[in-house]
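J.: Below is the file protein07.json, which contains JSON, C-alpha atoms.
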```json
[["chain", "number", "residue", "atom", "x", "y", "z"],
["A", 6, "MET", "CA", 14.78, 19.06, 11.30],
["A", 7, "ALA", "CA", 11.55, 19.61, 13.17],
["A", 8, "ALA", "CA", 10.71, 17.45, 16.14],
["A", 9, "THR", "CA", 8.03, 14.82, 15.82],
["A", 10, "THR", "CA", 4.70, 16.12, 17.03],
["A", 11, "ARG", "CA", 1.82, 14.15, 18.41],
["A", 12, "SER", "CA", -0.26, 15.46, 15.52],
["A", 13, "ASP", "CA", 2.14, 13.93, 12.96],
["A", 14, "SER", "CA", 1.99, 10.57, 14.70],
["A", 15, "ASP", "CA", -1.80, 10.68, 14.96],
["A", 16, "THR", "CA", -2.10, 11.59, 11.27],
["A", 17, "ALA", "CA", 0.24, 8.74, 10.28],
["A", 18, "ARG", "CA", -1.70, 6.33, 12.51],
["A", 19, "THR", "CA", -5.00, 7.34, 10.87],
["A", 20, "ILE", "CA", -3.51, 6.96, 7.39],
["A", 21, "PHE", "CA", -2.24, 3.47, 8.24],
["A", 22, "TYR", "CA", -5.71, 2.47, 9.43],
["A", 23, "VAL", "CA", -7.34, 3.85, 6.25],
["A", 24, "VAL", "CA", -4.80, 2.03, 4.06],
["A", 25, "ALA", "CA", -5.38, -1.20, 6.00],
["A", 26, "VAL", "CA", -9.17, -1.04, 5.65],
["A", 27, "LEU", "CA", -9.10, -0.21, 1.92],
["A", 28, "MET", "CA", -6.56, -2.95, 1.18],
["A", 29, "ALA", "CA", -8.52, -5.47, 3.25],
["A", 30, "ILE", "CA", -11.74, -4.71, 1.38],
["A", 31, "TYR", "CA", -10.10, -5.06, -2.02],
["A", 32, "GLY", "CA", -8.08, -8.10, -0.87],
["A", 33, "LEU", "CA", -11.16, -9.89, 0.45],
["A", 34, "GLY", "CA", -12.95, -9.15, -2.80],
["A", 35, "LEU", "CA", -10.17, -10.71, -4.87],
["A", 36, "LEU", "CA", -9.68, -13.64, -2.51],
["A", 37, "VAL", "CA", -13.33, -14.60, -1.99],
["A", 38, "PHE", "CA", -15.25, -13.06, -4.93],
["A", 39, "PRO", "CA", -12.88, -12.67, -7.92],
["A", 40, "GLN", "CA", -15.69, -13.13, -10.46],
["A", 41, "ALA", "CA", -17.72, -10.32, -8.85],
["A", 42, "MET", "CA", -14.68, -8.01, -8.87],
["A", 43, "PHE", "CA", -14.21, -8.60, -12.60],
["A", 44, "THR", "CA", -17.92, -8.22, -13.30],
["A", 45, "LEU", "CA", -17.84, -4.75, -11.70],
["A", 46, "SER", "CA", -15.24, -3.65, -14.24],
["A", 47, "ASP", "CA", -17.43, -4.30, -17.33],
["A", 48, "ASP", "CA", -14.21, -5.05, -19.21],
["A", 49, "PRO", "CA", -14.87, -7.31, -22.25],
["A", 50, "GLY", "CA", -11.39, -8.81, -21.75],
["A", 51, "VAL", "CA", -12.30, -10.45, -18.43],
["A", 52, "PRO", "CA", -10.94, -14.01, -18.32],
["A", 53, "ALA", "CA", -13.44, -16.86, -18.30],
["A", 54, "ASN", "CA", -11.95, -18.14, -15.04],
["A", 55, "PRO", "CA", -10.75, -15.22, -12.90],
["A", 56, "GLY", "CA", -10.03, -17.47, -9.92],
["A", 57, "TRP", "CA", -6.32, -17.27, -10.71],
["A", 58, "VAL", "CA", -6.19, -13.78, -9.12],
["A", 59, "ARG", "CA", -7.06, -15.07, -5.65],
["A", 60, "TRP", "CA", -3.35, -15.00, -4.76],
["A", 61, "GLY", "CA", -3.40, -11.22, -5.22],
["A", 62, "GLY", "CA", -6.18, -11.00, -2.64],
["A", 63, "GLY", "CA", -4.03, -12.89, -0.16],
["A", 64, "LEU", "CA", -1.12, -10.55, -0.76],
["A", 65, "LEU", "CA", -3.36, -7.51, -0.25],
["A", 66, "LEU", "CA", -4.81, -8.96, 2.96],
["A", 67, "GLY", "CA", -1.33, -9.63, 4.32],
["A", 68, "THR", "CA", -0.24, -6.10, 3.51],
["A", 69, "ALA", "CA", -3.42, -4.75, 5.11],
["A", 70, "ILE", "CA", -2.54, -6.58, 8.32],
["A", 71, "ALA", "CA", 0.99, -5.13, 8.21],
["A", 72, "ALA", "CA", -0.42, -1.61, 7.80],
["A", 73, "TRP", "CA", -2.88, -2.15, 10.66],
["A", 74, "LEU", "CA", -0.11, -3.36, 12.96],
["A", 75, "ALA", "CA", 2.16, -0.48, 11.88],
["A", 76, "ALA", "CA", -0.45, 2.01, 13.06],
["A", 77, "SER", "CA", 0.43, 1.14, 16.66],
["A", 78, "ASN", "CA", 3.93, 2.60, 16.20],
["A", 79, "PRO", "CA", 4.10, 4.69, 13.01],
["A", 80, "GLU", "CA", 7.38, 6.34, 14.06],
["A", 81, "SER", "CA", 9.39, 3.18, 13.35],
["A", 82, "GLN", "CA", 7.78, 2.13, 10.07],
["A", 83, "ARG", "CA", 9.96, 3.88, 7.47],
["A", 84, "PRO", "CA", 10.66, 0.75, 5.34],
["A", 85, "LEU", "CA", 6.94, -0.11, 5.21],
["A", 86, "ILE", "CA", 6.01, 3.49, 4.40],
["A", 87, "VAL", "CA", 8.49, 3.72, 1.52],
["A", 88, "GLY", "CA", 7.41, 0.30, 0.23],
["A", 89, "LEU", "CA", 3.72, 1.22, 0.28],
["A", 90, "ALA", "CA", 4.41, 4.61, -1.30],
["A", 91, "THR", "CA", 6.35, 2.95, -4.12],
["A", 92, "ALA", "CA", 3.66, 0.30, -4.64],
["A", 93, "PHE", "CA", 0.80, 2.81, -4.76],
["A", 94, "THR", "CA", 2.78, 5.04, -7.15],
["A", 95, "LEU", "CA", 3.52, 2.17, -9.55],
["A", 96, "ILE", "CA", -0.08, 0.90, -9.39],
["A", 97, "ALA", "CA", -1.45, 4.37, -10.18],
["A", 98, "LEU", "CA", 0.99, 4.81, -13.08],
["A", 99, "ALA", "CA", 0.22, 1.35, -14.51],
["A", 100, "LEU", "CA", -3.54, 1.95, -14.32],
["A", 101, "LEU", "CA", -3.16, 5.41, -15.87],
["A", 102, "TYR", "CA", -1.07, 4.01, -18.72],
["A", 103, "SER", "CA", -3.55, 1.19, -19.39],
["A", 104, "THR", "CA", -6.43, 3.65, -19.45],
["A", 105, "LEU", "CA", -4.73, 6.22, -21.68],
["A", 106, "VAL", "CA", -3.45, 3.77, -24.31],
["A", 107, "GLY", "CA", -6.74, 1.86, -24.44],
["A", 108, "ASP", "CA", -5.58, -1.42, -22.90],
["A", 109, "TYR", "CA", -8.42, -1.21, -20.39],
["A", 110, "ARG", "CA", -11.85, -1.21, -22.04],
["A", 111, "GLY", "CA", -14.04, -1.55, -18.96],
["A", 112, "SER", "CA", -15.85, 0.97, -16.78],
["A", 113, "GLN", "CA", -14.04, 4.29, -17.00],
["A", 114, "LEU", "CA", -15.52, 5.39, -13.68],
["A", 115, "LEU", "CA", -14.00, 2.38, -11.91],
["A", 116, "SER", "CA", -10.70, 2.88, -13.69],
["A", 117, "TRP", "CA", -10.41, 6.55, -12.73],
["A", 118, "LEU", "CA", -11.49, 5.83, -9.14],
["A", 119, "GLN", "CA", -8.64, 3.31, -8.89],
["A", 120, "ILE", "CA", -6.15, 5.71, -10.48],
["A", 121, "LEU", "CA", -7.12, 8.61, -8.24],
["A", 122, "GLY", "CA", -7.39, 6.43, -5.13],
["A", 123, "ASN", "CA", -3.96, 4.88, -5.59],
["A", 124, "GLY", "CA", -2.52, 8.28, -6.49],
["A", 125, "ALA", "CA", -3.93, 9.75, -3.28],
["A", 126, "LEU", "CA", -2.60, 6.84, -1.21],
["A", 127, "ALA", "CA", 0.81, 7.26, -2.85],
["A", 128, "GLY", "CA", 0.77, 10.98, -2.08],
["A", 129, "VAL", "CA", -0.02, 10.55, 1.60],
["A", 130, "MET", "CA", 2.54, 7.79, 2.02],
["A", 131, "TRP", "CA", 5.25, 9.94, 0.38],
["A", 132, "TRP", "CA", 4.12, 12.82, 2.61],
["A", 133, "ILE", "CA", 4.49, 10.64, 5.72],
["A", 134, "SER", "CA", 7.95, 9.56, 4.58],
["A", 135, "SER", "CA", 8.99, 13.21, 4.33],
["A", 136, "ARG", "CA", 7.85, 14.02, 7.88],
["A", 137, "SER", "CA", 10.27, 13.99, 10.78],
["A", 138, "LEU", "CA", 8.43, 11.15, 12.51],
["A", 139, "VAL", "CA", 10.07, 8.64, 10.17],
["A", 140, "LYS", "CA", 13.41, 10.38, 9.70],
["A", 141, "THR", "CA", 15.21, 8.06, 12.08],
["A", 142, "PRO", "CA", 18.10, 6.34, 10.32],
["A", 143, "LEU", "CA", 17.62, 2.79, 9.16],
["A", 144, "PRO", "CA", 19.69, 0.19, 11.05],
["A", 145, "LYS", "CA", 22.93, -0.88, 9.37],
["A", 146, "GLY", "CA", 23.45, -4.57, 9.96],
["A", 147, "ALA", "CA", 23.45, -6.52, 13.17],
["A", 148, "PRO", "CA", 24.53, -4.87, 16.41],
["A", 149, "GLN", "CA", 28.19, -5.30, 17.24],
["A", 150, "SER", "CA", 29.31, -6.60, 20.60],
["A", 151, "SER", "CA", 31.74, -4.38, 22.48],
["A", 152, "THR", "CA", 33.26, -7.25, 24.42],
["A", 153, "LYS", "CA", 36.45, -8.85, 23.25],
["A", 154, "PRO", "CA", 36.57, -12.62, 22.87],
["A", 155, "LYS", "CA", 38.65, -14.45, 25.50],
["A", 156, "THR", "CA", 41.86, -16.01, 24.26]]
```
The structure given in the file should be rewritten as structure tokens.

T.:
Amino acid sequence: MAATTRSDSDTARTIFYVVAVLMAIYGLGLLVFPQAMFTLSDDPGVPANPGWVRWGGGLLLGTAIAAWLAASNPESQRPLIVGLATAFTLIALALLYSTLVGDYRGSQLLSWLQILGNGALAGVMWWISSRSLVKTPLPKGAPQSSTKPKT
């Protein structure tokens, strides 16, 4: 296994910052302007009251904050990296499926930008997870005390 290089850590840090900014932008849009986000899609199936998706914006903003904070120490963020990689992969696959089977009838440009964007984010997160900077083993339970109890 190759040793962690400063370049790997800097690359991971930059990727975390990019992920945080993109998720914050999309999260703010859903949280504050859900109607505008749906209007951009040109999908005729847009609900009359899209305010119900505001919760998704909150979730994205929270995840954006986690990614931003993780950038300060990317070497110890394996669980977050794998979680984000899985999420971006599933999002890209769901959007691709919806587009290919005709479930989504809105702007094809917006749809393909989301598919390609999430696919790219998934790819870089899986790439980070394969690098030696996150190859440290995950902790297994609580630390054990080496002292014996007094009897």

J.: If you count only C-alpha atoms, which residues fall within 9 Å of Tyr109 in chain A, apart from same-chain ones fewer than 4 positions away, as a ChimeraX atom specification?

T.: /A:48,50,100,103-105,113,116

J.: Please identify every residue of range 61-141 of chain A that has at least one atom no farther than 6 Å from an atom of range 12-35 of chain A, counting all atoms listed in the file, and for each give the shortest atom pair and the distance in Å to one decimal, arranged by chain then increasing number, as a tab-separated table.

T.:
```
residue	atom	partner	partner_atom	distance
A:Gly62	CA	A:Gly32	CA	3.9
A:Leu65	CA	A:Gly32	CA	4.8
A:Leu66	CA	A:Ala29	CA	5.1
A:Ala69	CA	A:Ala25	CA	4.2
A:Ala72	CA	A:Ala25	CA	5.3
A:Trp73	CA	A:Ala25	CA	5.4
A:Ala76	CA	A:Arg18	CA	4.5
```

J.: For Trp131 in chain A, find every residue with an atom within 9 Å (counting all atoms listed in the file), except residues of its own chain fewer than 2 positions away, and show them as an NGL selection string.

T.: :A and (86-87 or 89-91 or 126-129 or 133-136)

J.: Please identify all polymer residues within 12 Å of Ala53 in chain A, counting all atoms listed in the file, omitting same-chain residues fewer than 6 positions from it, and present them as a PyMOL selection string.

T.: chain A and resi 39-40+43-44

J.: Between CA of Leu98 in chain A and CA of Leu85 in chain A, what is the spacing in Å?

T.: 19.9 Å

J.: Rounded to one decimal in Å, what is the spacing between CA of Leu115 in chain A and CA of Ala75 in chain A?

T.: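 The value is 28.9 Å.
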
J.: Could you state the separation of CA of Pro84 in chain A and CA of Asn123 in chain A in Å, given to one decimal place?

T.: 18.7 Å

J.: Counting only C-alpha atoms, which residue out of A:Pro52, A:Trp57, A:Phe38, A:Thr68 sits closest to Ala92 in chain A?

T.: A:Thr68

J.: Mind filling out range 112-142 of chain A with N, CA and C atoms and sending it as a short mmCIF file (atom, residue, chain, number, x, y, z; two decimals), in the frame of the given file?

T.:
```cif
data_model
loop_
_atom_site.label_atom_id
_atom_site.label_comp_id
_atom_site.auth_asym_id
_atom_site.auth_seq_id
_atom_site.Cartn_x
_atom_site.Cartn_y
_atom_site.Cartn_z
N SER A 112 -15.23 -0.21 -17.36
CA SER A 112 -15.85 0.97 -16.78
C SER A 112 -14.81 2.06 -16.52
N GLN A 113 -14.97 3.18 -17.19
CA GLN A 113 -14.04 4.29 -17.00
C GLN A 113 -14.14 4.88 -15.60
N LEU A 114 -15.35 4.88 -15.04
CA LEU A 114 -15.52 5.39 -13.68
C LEU A 114 -14.69 4.57 -12.70
N LEU A 115 -14.78 3.25 -12.78
CA LEU A 115 -14.00 2.38 -11.91
C LEU A 115 -12.51 2.58 -12.13
N SER A 116 -12.10 2.70 -13.37
CA SER A 116 -10.70 2.88 -13.69
C SER A 116 -10.16 4.18 -13.07
N TRP A 117 -10.87 5.27 -13.26
CA TRP A 117 -10.41 6.55 -12.73
C TRP A 117 -10.48 6.60 -11.21
N LEU A 118 -11.45 5.91 -10.61
CA LEU A 118 -11.49 5.83 -9.14
C LEU A 118 -10.25 5.11 -8.62
N GLN A 119 -9.84 4.04 -9.30
CA GLN A 119 -8.64 3.31 -8.89
C GLN A 119 -7.38 4.15 -9.10
N ILE A 120 -7.32 4.86 -10.21
CA ILE A 120 -6.15 5.71 -10.48
C ILE A 120 -6.04 6.81 -9.43
N LEU A 121 -7.14 7.51 -9.20
CA LEU A 121 -7.12 8.61 -8.24
C LEU A 121 -6.92 8.11 -6.81
N GLY A 122 -7.54 6.99 -6.47
CA GLY A 122 -7.39 6.43 -5.13
C GLY A 122 -5.96 6.01 -4.85
N ASN A 123 -5.35 5.29 -5.78
CA ASN A 123 -3.96 4.88 -5.59
C ASN A 123 -3.01 6.07 -5.64
N GLY A 124 -3.33 7.06 -6.47
CA GLY A 124 -2.52 8.28 -6.49
C GLY A 124 -2.58 9.02 -5.17
N ALA A 125 -3.78 9.09 -4.58
CA ALA A 125 -3.93 9.75 -3.28
C ALA A 125 -3.18 8.98 -2.19
N LEU A 126 -3.32 7.65 -2.20
CA LEU A 126 -2.60 6.84 -1.21
C LEU A 126 -1.08 7.00 -1.37
N ALA A 127 -0.61 7.05 -2.61
CA ALA A 127 0.81 7.26 -2.85
C ALA A 127 1.24 8.62 -2.30
N GLY A 128 0.44 9.64 -2.56
CA GLY A 128 0.77 10.98 -2.08
C GLY A 128 0.87 11.06 -0.58
N VAL A 129 -0.08 10.47 0.14
CA VAL A 129 -0.02 10.55 1.60
C VAL A 129 1.11 9.71 2.16
N MET A 130 1.43 8.59 1.52
CA MET A 130 2.54 7.79 2.02
C MET A 130 3.88 8.50 1.78
N TRP A 131 4.03 9.15 0.62
CA TRP A 131 5.25 9.94 0.38
C TRP A 131 5.31 11.12 1.35
N TRP A 132 4.16 11.71 1.65
CA TRP A 132 4.12 12.82 2.61
C TRP A 132 4.58 12.34 3.99
N ILE A 133 4.07 11.17 4.42
CA ILE A 133 4.49 10.64 5.72
C ILE A 133 6.00 10.40 5.72
N SER A 134 6.52 9.87 4.61
CA SER A 134 7.95 9.56 4.58
C SER A 134 8.81 10.82 4.65
N SER A 135 8.24 11.96 4.28
CA SER A 135 8.99 13.21 4.33
C SER A 135 8.92 13.89 5.70
N ARG A 136 8.03 13.43 6.55
CA ARG A 136 7.85 14.02 7.88
C ARG A 136 8.95 13.54 8.82
N SER A 137 9.20 14.32 9.85
CA SER A 137 10.27 13.99 10.78
C SER A 137 9.99 12.75 11.60
N LEU A 138 8.73 12.31 11.68
CA LEU A 138 8.43 11.15 12.51
C LEU A 138 9.05 9.88 11.98
N VAL A 139 9.44 9.85 10.71
CA VAL A 139 10.07 8.64 10.17
C VAL A 139 11.49 8.94 9.69
N LYS A 140 12.08 10.00 10.14
CA LYS A 140 13.41 10.38 9.70
C LYS A 140 14.53 9.68 10.47
N THR A 141 14.17 8.78 11.36
CA THR A 141 15.21 8.06 12.08
C THR A 141 15.99 7.20 11.09
N PRO A 142 17.30 7.12 11.27
CA PRO A 142 18.10 6.34 10.32
C PRO A 142 17.75 4.85 10.38
#
```
